[in-house]
$ cat final.cif   # mmCIF, C-alpha atoms
data_coords
loop_
_atom_site.label_atom_id
_atom_site.label_comp_id
_atom_site.auth_asym_id
_atom_site.auth_seq_id
_atom_site.Cartn_x
_atom_site.Cartn_y
_atom_site.Cartn_z
CA MET W 1 138.39 149.03 -14.28
CA LEU W 2 141.11 149.31 -11.64
CA LEU W 3 140.79 153.06 -11.34
CA PRO W 4 138.43 153.05 -8.29
CA TYR W 5 140.92 150.90 -6.38
CA PHE W 6 143.77 153.25 -7.28
CA GLN W 7 141.70 156.22 -6.15
CA TRP W 8 140.92 154.40 -2.92
CA PHE W 9 144.64 154.01 -2.15
CA GLU W 10 144.99 157.76 -2.03
CA THR W 11 142.27 157.96 0.64
CA THR W 12 144.03 155.51 2.95
CA THR W 13 145.82 156.74 6.06
CA ILE W 14 149.29 156.19 4.55
CA GLY W 15 148.37 157.80 1.26
CA THR W 16 146.88 160.94 2.76
CA ALA W 17 149.60 161.25 5.42
CA ILE W 18 152.35 161.22 2.78
CA LYS W 19 150.41 163.55 0.52
CA ASN W 20 149.85 166.07 3.28
CA SER W 21 153.42 166.05 4.49
CA SER W 22 155.99 168.28 2.83
CA TRP W 23 158.93 165.98 3.52
CA ALA W 24 157.56 162.42 3.91
CA PHE W 25 157.58 161.68 0.18
CA ALA W 26 161.18 162.91 -0.16
CA VAL W 27 162.40 160.88 2.80
CA ILE W 28 160.66 157.67 1.70
CA GLU W 29 161.94 158.26 -1.83
CA SER W 30 165.51 158.52 -0.50
CA VAL W 31 165.19 155.23 1.37
CA HIS W 32 163.76 153.71 -1.82
CA LEU W 33 166.79 154.93 -3.75
CA LEU W 34 169.26 153.69 -1.12
CA ALA W 35 167.68 150.25 -1.28
CA LEU W 36 167.92 150.43 -5.07
CA ALA W 37 171.68 150.86 -4.80
CA VAL W 38 171.88 147.83 -2.49
CA ILE W 39 169.74 145.67 -4.76
CA GLY W 40 171.85 146.84 -7.68
CA GLY W 41 174.92 145.43 -5.97
CA ALA W 42 173.26 142.17 -4.92
CA VAL W 43 171.77 141.50 -8.35
CA LEU W 44 174.81 142.61 -10.30
CA MET W 45 177.29 140.56 -8.30
CA LEU W 46 175.49 137.28 -8.99
CA ASP W 47 174.50 138.18 -12.56
CA LEU W 48 178.09 139.06 -13.42
CA ARG W 49 179.16 135.76 -11.89
CA LEU W 50 176.55 133.87 -13.93
CA LEU W 51 177.95 135.59 -17.02
CA GLY W 52 181.44 134.44 -16.09
CA LEU W 53 182.51 137.95 -15.03
CA GLY W 54 183.21 139.63 -11.72
CA LEU W 55 183.99 137.18 -8.89
CA ARG W 56 184.52 134.32 -11.30
CA ARG W 57 186.91 132.36 -9.14
CA GLN W 58 184.15 131.85 -6.59
CA PRO W 59 181.61 129.04 -7.04
CA ILE W 60 178.22 130.30 -8.18
CA PRO W 61 176.33 128.89 -5.16
CA GLU W 62 178.73 130.72 -2.85
CA VAL W 63 178.21 134.07 -4.58
CA ALA W 64 174.46 133.43 -4.65
CA ARG W 65 174.37 132.63 -0.94
CA GLU W 66 176.31 135.80 -0.12
CA ALA W 67 174.08 137.98 -2.28
CA GLN W 68 170.76 136.45 -1.21
CA PRO W 69 170.19 138.23 2.15
CA TRP W 70 171.05 141.61 0.61
CA LEU W 71 168.80 140.93 -2.35
CA VAL W 72 165.82 139.88 -0.24
CA GLY W 73 166.40 142.56 2.41
CA SER W 74 166.65 145.44 -0.04
CA LEU W 75 163.74 144.08 -2.07
CA ILE W 76 161.53 144.11 1.02
CA VAL W 77 162.57 147.70 1.80
CA MET W 78 161.93 148.71 -1.81
CA LEU W 79 158.50 147.06 -1.89
CA ILE W 80 157.42 148.73 1.36
CA THR W 81 158.72 152.19 0.45
CA GLY W 82 157.54 151.80 -3.13
CA PHE W 83 154.06 150.93 -1.96
CA ALA W 84 154.02 153.95 0.36
CA LEU W 85 155.09 156.24 -2.48
CA PHE W 86 152.53 154.67 -4.77
CA SER W 87 149.66 155.09 -2.32
CA SER W 88 150.27 158.83 -2.15
CA GLU W 89 149.89 159.31 -5.90
CA ALA W 90 148.06 156.22 -7.10
CA THR W 91 145.81 158.04 -9.57
CA LYS W 92 148.81 159.67 -11.25
CA CYS W 93 150.42 156.22 -11.49
CA TYR W 94 147.26 154.77 -13.04
CA TYR W 95 147.58 157.12 -16.00
CA SER W 96 151.35 156.63 -16.35
CA THR W 97 152.57 154.19 -18.98
CA PRO W 98 156.04 153.90 -17.41
CA PHE W 99 154.37 152.84 -14.15
CA TRP W 100 152.67 149.89 -15.85
CA VAL W 101 155.84 148.95 -17.72
CA LYS W 102 157.73 149.09 -14.43
CA MET W 103 155.22 146.96 -12.54
CA THR W 104 155.07 144.35 -15.30
CA SER W 105 158.87 144.20 -15.44
CA LEU W 106 159.04 143.99 -11.66
CA ALA W 107 156.62 141.06 -11.56
CA LEU W 108 158.56 139.27 -14.31
CA ALA W 109 161.91 140.01 -12.67
CA MET W 110 160.75 138.73 -9.28
CA ALA W 111 159.21 135.61 -10.79
CA PHE W 112 162.43 134.93 -12.69
CA THR W 113 164.71 135.70 -9.73
CA PHE W 114 162.98 133.39 -7.30
CA THR W 115 162.49 130.49 -9.69
CA VAL W 116 164.92 130.04 -12.58
CA ARG W 117 167.76 132.19 -11.28
CA ARG W 118 167.48 130.76 -7.80
CA ARG W 119 167.38 127.24 -9.19
CA VAL W 120 170.61 127.62 -11.17
CA SER W 121 172.45 129.40 -8.37
CA VAL W 122 171.30 128.96 -4.79
CA VAL W 123 169.56 125.61 -4.90
CA ALA W 124 172.42 124.01 -6.80
CA ILE W 125 174.51 123.86 -3.65
CA ARG W 126 171.90 121.86 -1.82
CA ASP W 127 171.70 119.22 -4.50
CA ARG W 128 175.43 118.97 -5.08
CA PRO W 129 177.26 120.41 -2.08
CA SER W 130 180.70 119.94 -3.59
CA ALA W 131 179.80 121.15 -7.05
CA ILE W 132 181.74 123.98 -8.60
CA ILE W 133 179.57 125.27 -11.35
CA TYR W 134 181.24 127.01 -14.23
CA TRP W 135 179.14 129.20 -16.38
CA PRO W 136 179.65 129.77 -19.20
CA PRO W 137 180.97 126.22 -19.59
CA ARG W 138 184.72 126.12 -19.92
CA PRO W 139 186.10 125.77 -23.41
CA ARG W 140 188.03 122.64 -24.41
CA PRO W 141 191.08 122.25 -22.15
CA PHE W 142 193.68 122.78 -24.89
CA VAL W 143 192.04 126.09 -25.77
CA ALA W 144 191.73 127.08 -22.14
CA SER W 145 195.38 126.32 -21.48
CA VAL W 146 196.35 129.39 -23.47
CA GLY W 147 195.44 131.36 -20.35
CA SER W 148 197.53 131.37 -17.21
CA ALA W 149 197.78 128.30 -15.02
CA PRO W 150 195.81 128.38 -11.77
CA SER W 151 197.80 129.75 -8.87
CA VAL W 152 198.73 127.29 -6.17
CA GLY W 153 196.62 127.47 -3.08
CA ALA W 154 193.74 129.41 -4.60
CA PRO W 155 190.43 128.28 -3.07
CA VAL W 156 188.89 127.66 -6.45
CA PRO W 157 191.07 127.38 -9.52
CA ASP W 158 190.16 129.26 -12.67
CA GLU W 159 190.28 126.01 -14.59
CA PRO W 160 188.78 122.72 -13.45
CA ARG W 161 191.41 120.77 -11.53
CA ASN W 162 191.29 117.82 -13.86
CA SER W 163 191.72 119.84 -17.02
CA PHE W 164 194.37 118.68 -19.43
CA ARG W 165 197.36 120.96 -19.63
CA PRO W 166 200.11 120.09 -22.07
CA SER W 167 203.55 119.59 -20.49
CA GLY W 168 202.15 120.02 -16.97
CA MET P 1 162.71 179.56 -17.86
CA THR P 2 165.28 180.31 -20.50
CA GLY P 3 168.17 180.00 -18.13
CA ALA P 4 169.89 182.96 -19.75
CA ILE P 5 170.50 185.34 -16.88
CA ARG P 6 173.37 187.48 -18.10
CA MET P 7 172.94 190.23 -15.56
CA ARG P 8 175.59 190.33 -12.84
CA PRO P 9 174.10 190.53 -9.37
CA PRO P 10 175.21 193.81 -7.77
CA GLY P 11 176.07 192.69 -4.28
CA TYR P 12 179.14 190.49 -4.30
CA ASN P 13 180.19 191.10 -0.74
CA SER P 14 181.40 187.59 -0.17
CA ARG P 15 185.05 187.09 0.62
CA PHE P 16 184.89 183.69 -1.01
CA VAL P 17 185.41 183.10 -4.67
CA SER P 18 181.99 182.83 -6.23
CA LEU P 19 181.37 180.47 -9.09
CA LEU P 20 178.03 182.14 -9.73
CA PRO P 21 179.20 184.19 -12.75
CA PHE P 22 180.59 180.99 -14.26
CA CYS P 23 177.31 179.17 -13.62
CA GLU P 24 175.40 182.06 -15.17
CA TRP P 25 177.57 181.92 -18.25
CA LEU P 26 177.12 178.13 -18.35
CA ALA P 27 173.34 178.53 -18.16
CA SER P 28 173.42 180.92 -21.11
CA THR P 29 175.14 178.44 -23.42
CA LYS P 30 173.11 176.80 -26.15
CA GLY P 31 173.80 173.26 -24.96
CA SER P 32 172.61 173.99 -21.45
CA ILE P 33 169.37 175.54 -22.66
CA ALA P 34 168.77 172.69 -25.08
CA LEU P 35 169.33 170.08 -22.39
CA HIS P 36 167.21 171.98 -19.91
CA GLU P 37 164.29 172.29 -22.28
CA SER P 38 164.56 168.86 -23.88
CA LEU P 39 161.60 166.55 -23.50
CA TYR P 40 163.43 163.22 -23.53
CA ILE P 41 167.18 163.79 -23.26
CA TYR P 42 167.16 165.19 -19.74
CA PRO P 43 165.13 162.32 -18.22
CA LEU P 44 167.24 159.91 -20.24
CA VAL P 45 170.46 161.32 -18.78
CA GLU P 46 168.84 161.18 -15.35
CA SER P 47 167.97 157.50 -15.86
CA VAL P 48 171.51 156.69 -16.99
CA HIS P 49 172.78 158.48 -13.88
CA VAL P 50 170.62 156.31 -11.60
CA LEU P 51 171.42 153.11 -13.49
CA THR P 52 175.16 153.67 -13.26
CA LEU P 53 174.67 154.63 -9.63
CA CYS P 54 173.38 151.08 -9.17
CA VAL P 55 176.48 149.70 -10.87
CA PHE P 56 178.97 151.86 -9.02
CA VAL P 57 177.41 152.04 -5.55
CA GLY P 58 176.22 148.43 -5.80
CA THR P 59 179.69 147.07 -6.50
CA SER P 60 181.45 149.40 -4.05
CA LEU P 61 178.87 148.37 -1.45
CA MET P 62 179.97 144.77 -1.86
CA LEU P 63 183.60 145.80 -1.44
CA ASP P 64 182.73 147.91 1.62
CA LEU P 65 180.82 145.01 3.17
CA ARG P 66 183.84 142.78 2.56
CA LEU P 67 186.11 145.36 4.21
CA LEU P 68 183.73 145.42 7.18
CA GLY P 69 183.84 141.64 7.37
CA VAL P 70 180.07 141.40 6.82
CA ALA P 71 179.75 139.81 3.37
CA LEU P 72 181.97 137.72 1.05
CA ARG P 73 184.12 136.86 4.07
CA ARG P 74 185.59 133.78 2.45
CA VAL P 75 186.71 135.69 -0.64
CA PRO P 76 190.18 137.27 -0.42
CA VAL P 77 189.96 141.07 -0.33
CA SER P 78 192.40 141.39 -3.24
CA GLU P 79 190.10 139.18 -5.29
CA VAL P 80 187.06 141.36 -4.53
CA THR P 81 188.97 144.54 -5.43
CA GLY P 82 190.60 142.98 -8.49
CA ARG P 83 187.33 141.68 -9.93
CA LEU P 84 184.98 144.48 -8.95
CA VAL P 85 187.07 147.64 -9.31
CA PRO P 86 186.87 147.59 -13.14
CA TRP P 87 183.06 147.67 -12.82
CA MET P 88 183.26 150.39 -10.23
CA VAL P 89 185.48 152.51 -12.47
CA ALA P 90 183.23 151.98 -15.49
CA GLY P 91 180.13 152.80 -13.44
CA PHE P 92 181.79 155.85 -11.94
CA VAL P 93 182.91 157.29 -15.28
CA VAL P 94 179.41 157.11 -16.80
CA MET P 95 177.84 158.30 -13.56
CA PHE P 96 180.23 161.24 -13.41
CA ILE P 97 179.66 162.27 -17.02
CA SER P 98 175.89 162.02 -16.71
CA GLY P 99 176.09 163.94 -13.42
CA ILE P 100 178.06 166.73 -15.10
CA LEU P 101 175.41 166.85 -17.84
CA LEU P 102 172.64 167.13 -15.23
CA PHE P 103 174.50 170.03 -13.64
CA TYR P 104 175.13 171.57 -17.05
CA ALA P 105 171.38 171.58 -17.71
CA ILE P 106 170.56 173.47 -14.50
CA PRO P 107 173.77 175.21 -13.34
CA ILE P 108 172.57 178.20 -11.30
CA ARG P 109 169.89 176.43 -9.29
CA SER P 110 172.21 173.49 -8.61
CA TYR P 111 175.02 175.78 -7.51
CA GLN P 112 172.71 177.60 -5.11
CA ASN P 113 171.25 174.38 -3.72
CA ILE P 114 172.21 173.27 -0.24
CA PHE P 115 171.86 169.58 -1.05
CA PHE P 116 174.02 169.94 -4.14
CA ARG P 117 176.70 171.61 -2.04
CA LEU P 118 176.49 168.91 0.62
CA LYS P 119 176.69 166.29 -2.10
CA VAL P 120 179.85 167.81 -3.57
CA ILE P 121 181.46 167.94 -0.12
CA ALA P 122 180.51 164.30 0.55
CA LEU P 123 181.86 163.34 -2.90
CA LEU P 124 185.20 164.99 -2.13
CA LEU P 125 185.32 163.22 1.25
CA ALA P 126 184.49 159.89 -0.41
CA GLY P 127 187.29 160.49 -2.91
CA ALA P 128 189.71 161.32 -0.09
CA ASN P 129 188.62 158.21 1.79
CA ALA P 130 189.22 156.03 -1.27
CA TRP P 131 192.63 157.67 -1.81
CA VAL P 132 193.68 157.14 1.81
CA PHE P 133 192.55 153.50 1.68
CA HIS P 134 194.33 152.89 -1.60
CA ASN P 135 197.60 154.46 -0.53
CA GLY P 136 197.42 153.28 3.04
CA VAL P 137 196.14 150.00 4.39
CA GLN P 138 195.50 148.49 0.94
CA ARG P 139 199.24 148.42 0.32
CA THR P 140 199.59 145.76 3.00
CA VAL P 141 196.59 143.76 1.76
CA ALA P 142 198.75 140.64 1.34
CA ARG P 143 199.03 140.44 5.12
CA TRP P 144 195.26 140.48 5.80
CA ASP P 145 193.87 139.31 2.47
CA ARG P 146 192.08 136.29 3.92
CA ASP P 147 191.14 137.72 7.32
CA LEU P 148 187.46 137.17 8.00
CA ILE P 149 187.44 140.60 9.60
CA PRO P 150 190.02 143.00 8.06
CA PRO P 151 192.10 145.40 10.20
CA LYS P 152 190.59 148.49 11.76
CA LYS P 153 191.76 150.93 9.09
CA ALA P 154 190.18 148.84 6.34
CA ARG P 155 186.95 148.54 8.30
CA PHE P 156 186.95 152.28 8.83
CA ALA P 157 187.41 152.88 5.09
CA GLY P 158 184.49 150.56 4.33
CA ALA P 159 182.21 152.17 6.91
CA ALA P 160 183.13 155.70 5.81
CA SER P 161 182.50 154.82 2.17
CA LEU P 162 179.08 153.35 3.00
CA ALA P 163 178.06 156.38 5.05
CA LEU P 164 179.33 158.93 2.53
CA TRP P 165 177.65 157.27 -0.44
CA ALA P 166 174.39 157.07 1.50
CA VAL P 167 174.67 160.83 2.11
CA ILE P 168 175.51 161.41 -1.56
CA ILE P 169 172.48 159.43 -2.75
CA VAL P 170 170.07 161.11 -0.33
CA CYS P 171 171.42 164.59 -1.14
CA GLY P 172 171.25 163.82 -4.84
CA ARG P 173 167.59 162.94 -4.52
CA MET P 174 166.88 166.01 -2.38
CA ILE P 175 168.33 168.43 -4.97
CA ALA P 176 165.02 168.09 -6.79
CA TYR P 177 163.11 169.70 -3.91
CA ASN P 178 162.85 173.46 -3.62
CA TRP P 179 162.48 173.83 0.17
CA PHE P 180 165.70 175.82 0.46
CA ASP P 181 165.80 177.52 -2.92
CA CYS P 182 167.03 181.09 -3.12
CA ASP P 183 163.88 182.34 -4.83
CA MET P 184 161.88 181.62 -1.68
CA PRO P 185 162.07 183.46 1.67
CA GLN P 186 164.84 181.80 3.68
CA PRO P 187 166.50 182.40 7.05
CA PRO P 188 169.98 183.99 6.92
CA LEU P 189 171.81 180.74 7.65
CA ILE P 190 170.20 179.00 4.68
CA LYS P 191 170.89 182.02 2.46
CA TRP P 192 174.54 181.92 3.47
CA ALA P 193 174.85 178.14 3.01
CA ALA P 194 173.16 178.23 -0.36
CA GLY P 195 175.17 181.26 -1.49
CA CYS P 196 172.07 183.31 -2.30
CA VAL P 197 172.65 186.82 -3.60
CA ASP P 198 170.11 189.61 -3.67
CA ARG P 199 169.18 190.30 -7.24
CA GLN P 200 167.81 193.70 -8.22
CA ARG P 201 165.97 194.01 -11.43
#
$ encode --input "final.cif" --output "C-alpha cells"
Amino acid sequence: MLLPYFQWFETTTIGTAIKNSSWAFAVIESVHLLALAVIGGAVLMLDLRLLGLGLRRQPIPEVAREAQPWLVGSLIVMLITGFALFSSEATKCYYSTPFWVKMTSLALAMAFTFTVRRRVSVVAIRDRPSAIIYWPPRPRPFVASVGSAPSVGAPVPDEPRNSFRPSG
Amino acid sequence: MTGAIRMRPPGYNSRFVSLLPFCEWLASTKGSIALHESLYIYPLVESVHVLTLCVFVGTSLMLDLRLLGVALRRVPVSEVTGRLVPWMVAGFVVMFISGILLFYAIPIRSYQNIFFRLKVIALLLAGANAWVFHNGVQRTVARWDRDLIPPKKARFAGAASLALWAVIIVCGRMIAYNWFDCDMPQPPLIKWAAGCVDRQR
C-alpha cells in the first residue's frame, strides 16, 4: 500500500543525488552517527538521573533543562540526516523488518519523551520552581541515615534537608 | 572469503615492523572465520559496539561540554567526573571488547584500511589527552571546581576530546567503505598509508 510512496522517494532530487554520489551516503551517515552519540549523552544523562543514578545530587528539572537543547538539537540533525539516508534507499527500507521496528520505536520514543518524560522532568520546574524532586523516592529517614551525612555547602544535599537523623 | 590466507607476501621491503603476518595468522584462526561468516553474531557485536559508543561518547561528551563551560555549568566539575566516569569506564570496556571482536572478524582488511589506521591513531591521541588531563589540570580541580568556565588547560582537554572522538566515530563508520582498499588500483600514497603489499599468486 505504501510501496509507491517509498519508490517515489527514491526518484526525488535528494534521493537520486545521494544514490548517484559515491561519498554522500557515507558522509551523511557519519553525521547521523555523530548526532547519535550526542543524543545518547543527552538521553542517558537525564534517564540515569530519573533512575536515581548519575548526577543524582542535581535536581531533576536542572538536569532536564541542561540536556534539553542537546536532545532536541541532535534529534533534529538525526531526523534530517536519517530522512536523507532513507530517501536514497526507500524501497530497500520498505522490505526491511528492522526498519519498521525502528520507525515504530522512534515514534513511541519521541511521543514518550515529549509528553510523559518531559512532564516529570522539565515542566516540573515551572510548576514548582523551588522543588527538588527525588526519584526514586527516598527511603524512610532512619534507613537513609545509614549512608553518609550530606556535606556542608553542597548545592543540593543527598538527603532532604528536613530528614530525621539520629543524634544530629 | 575464507579469510585463511597463509601465504607470506614476497615483498617485505618496508623498514617498519609489519603486523600483517600476525593479522594473517589471526584471520586463519577458527574463531575469526566463525565470526566473519556468522549470520547474526557479527551484526550483534556491531550493534553492541554502537550502543556502548552511545554510552561512552555520550557521557564523555557531557563531561567535555562541562570542561568547556558550555553545559552543566552549575554542577561542580568533580561531581560530573565522579558521577559519570563509572559509566564512561563501563561503556568503554564493552566498546573496546566489541571493537576487538570486530577487528578479530576481519583482521587483514582492517589492518590495511586507512580509516582504521586513522582511527587507531586518534584513539591513542584521545587516550594521551585523557591521561594528560587526569595527571595535570584535574589534580587542581578543587581550585576551579565551581568555575562557570574552567581554566584553559581543562577547556583544551574538553575540546581535544570532542574533536578526537568525532574523528574516531567518522573513521569507524568509514572503515566499511572500500574506496581505498588494497585490492583496488590505488595511487602510491594510498598504498603506502594503507600498508598494501604486492601479492603474487
$ closest_residue --input "final.cif" --among "W:Thr13, W:His32, W:Gly41, W:Pro4" --to "chain P" --atoms "all atoms listed in the file"
W:Gly41
$ resolve_selection --input "final.cif" --expression "the PyMOL selection byres ((chain W) within 6 of (chain P))" --output "list in words"
Ser30, Ala37, Val38, Gly40, Gly41, Gly54 and Leu55 of chain W
$ residues_around --input "final.cif" --residues "Asp64 (chain P)" --least-positions-apart "4" --cutoff "9 Å" --atoms "only C-alpha atoms" --output "list in words"
Thr59, Ser60, Leu68, Gly69, Val70, Ala71, Ala154, Arg155, Ala157, Gly158, Ala159, Ala160, Ser161 and Leu162 of chain P
$ resolve_selection --input "final.cif" --expression "the PyMOL selection byres ((chain P and resi 120) around 12)" --output "PyMOL selection string"
chain P and resi 96+99-100+103+110-111+113-119+121-127+164-165+167-169+171-172+175
$ closest_residue --input "final.cif" --among "P:Ile108, P:Val89, P:Leu44, P:Leu102" --to "Cys23 (chain P)" --atoms "all atoms listed in the file"
P:Ile108
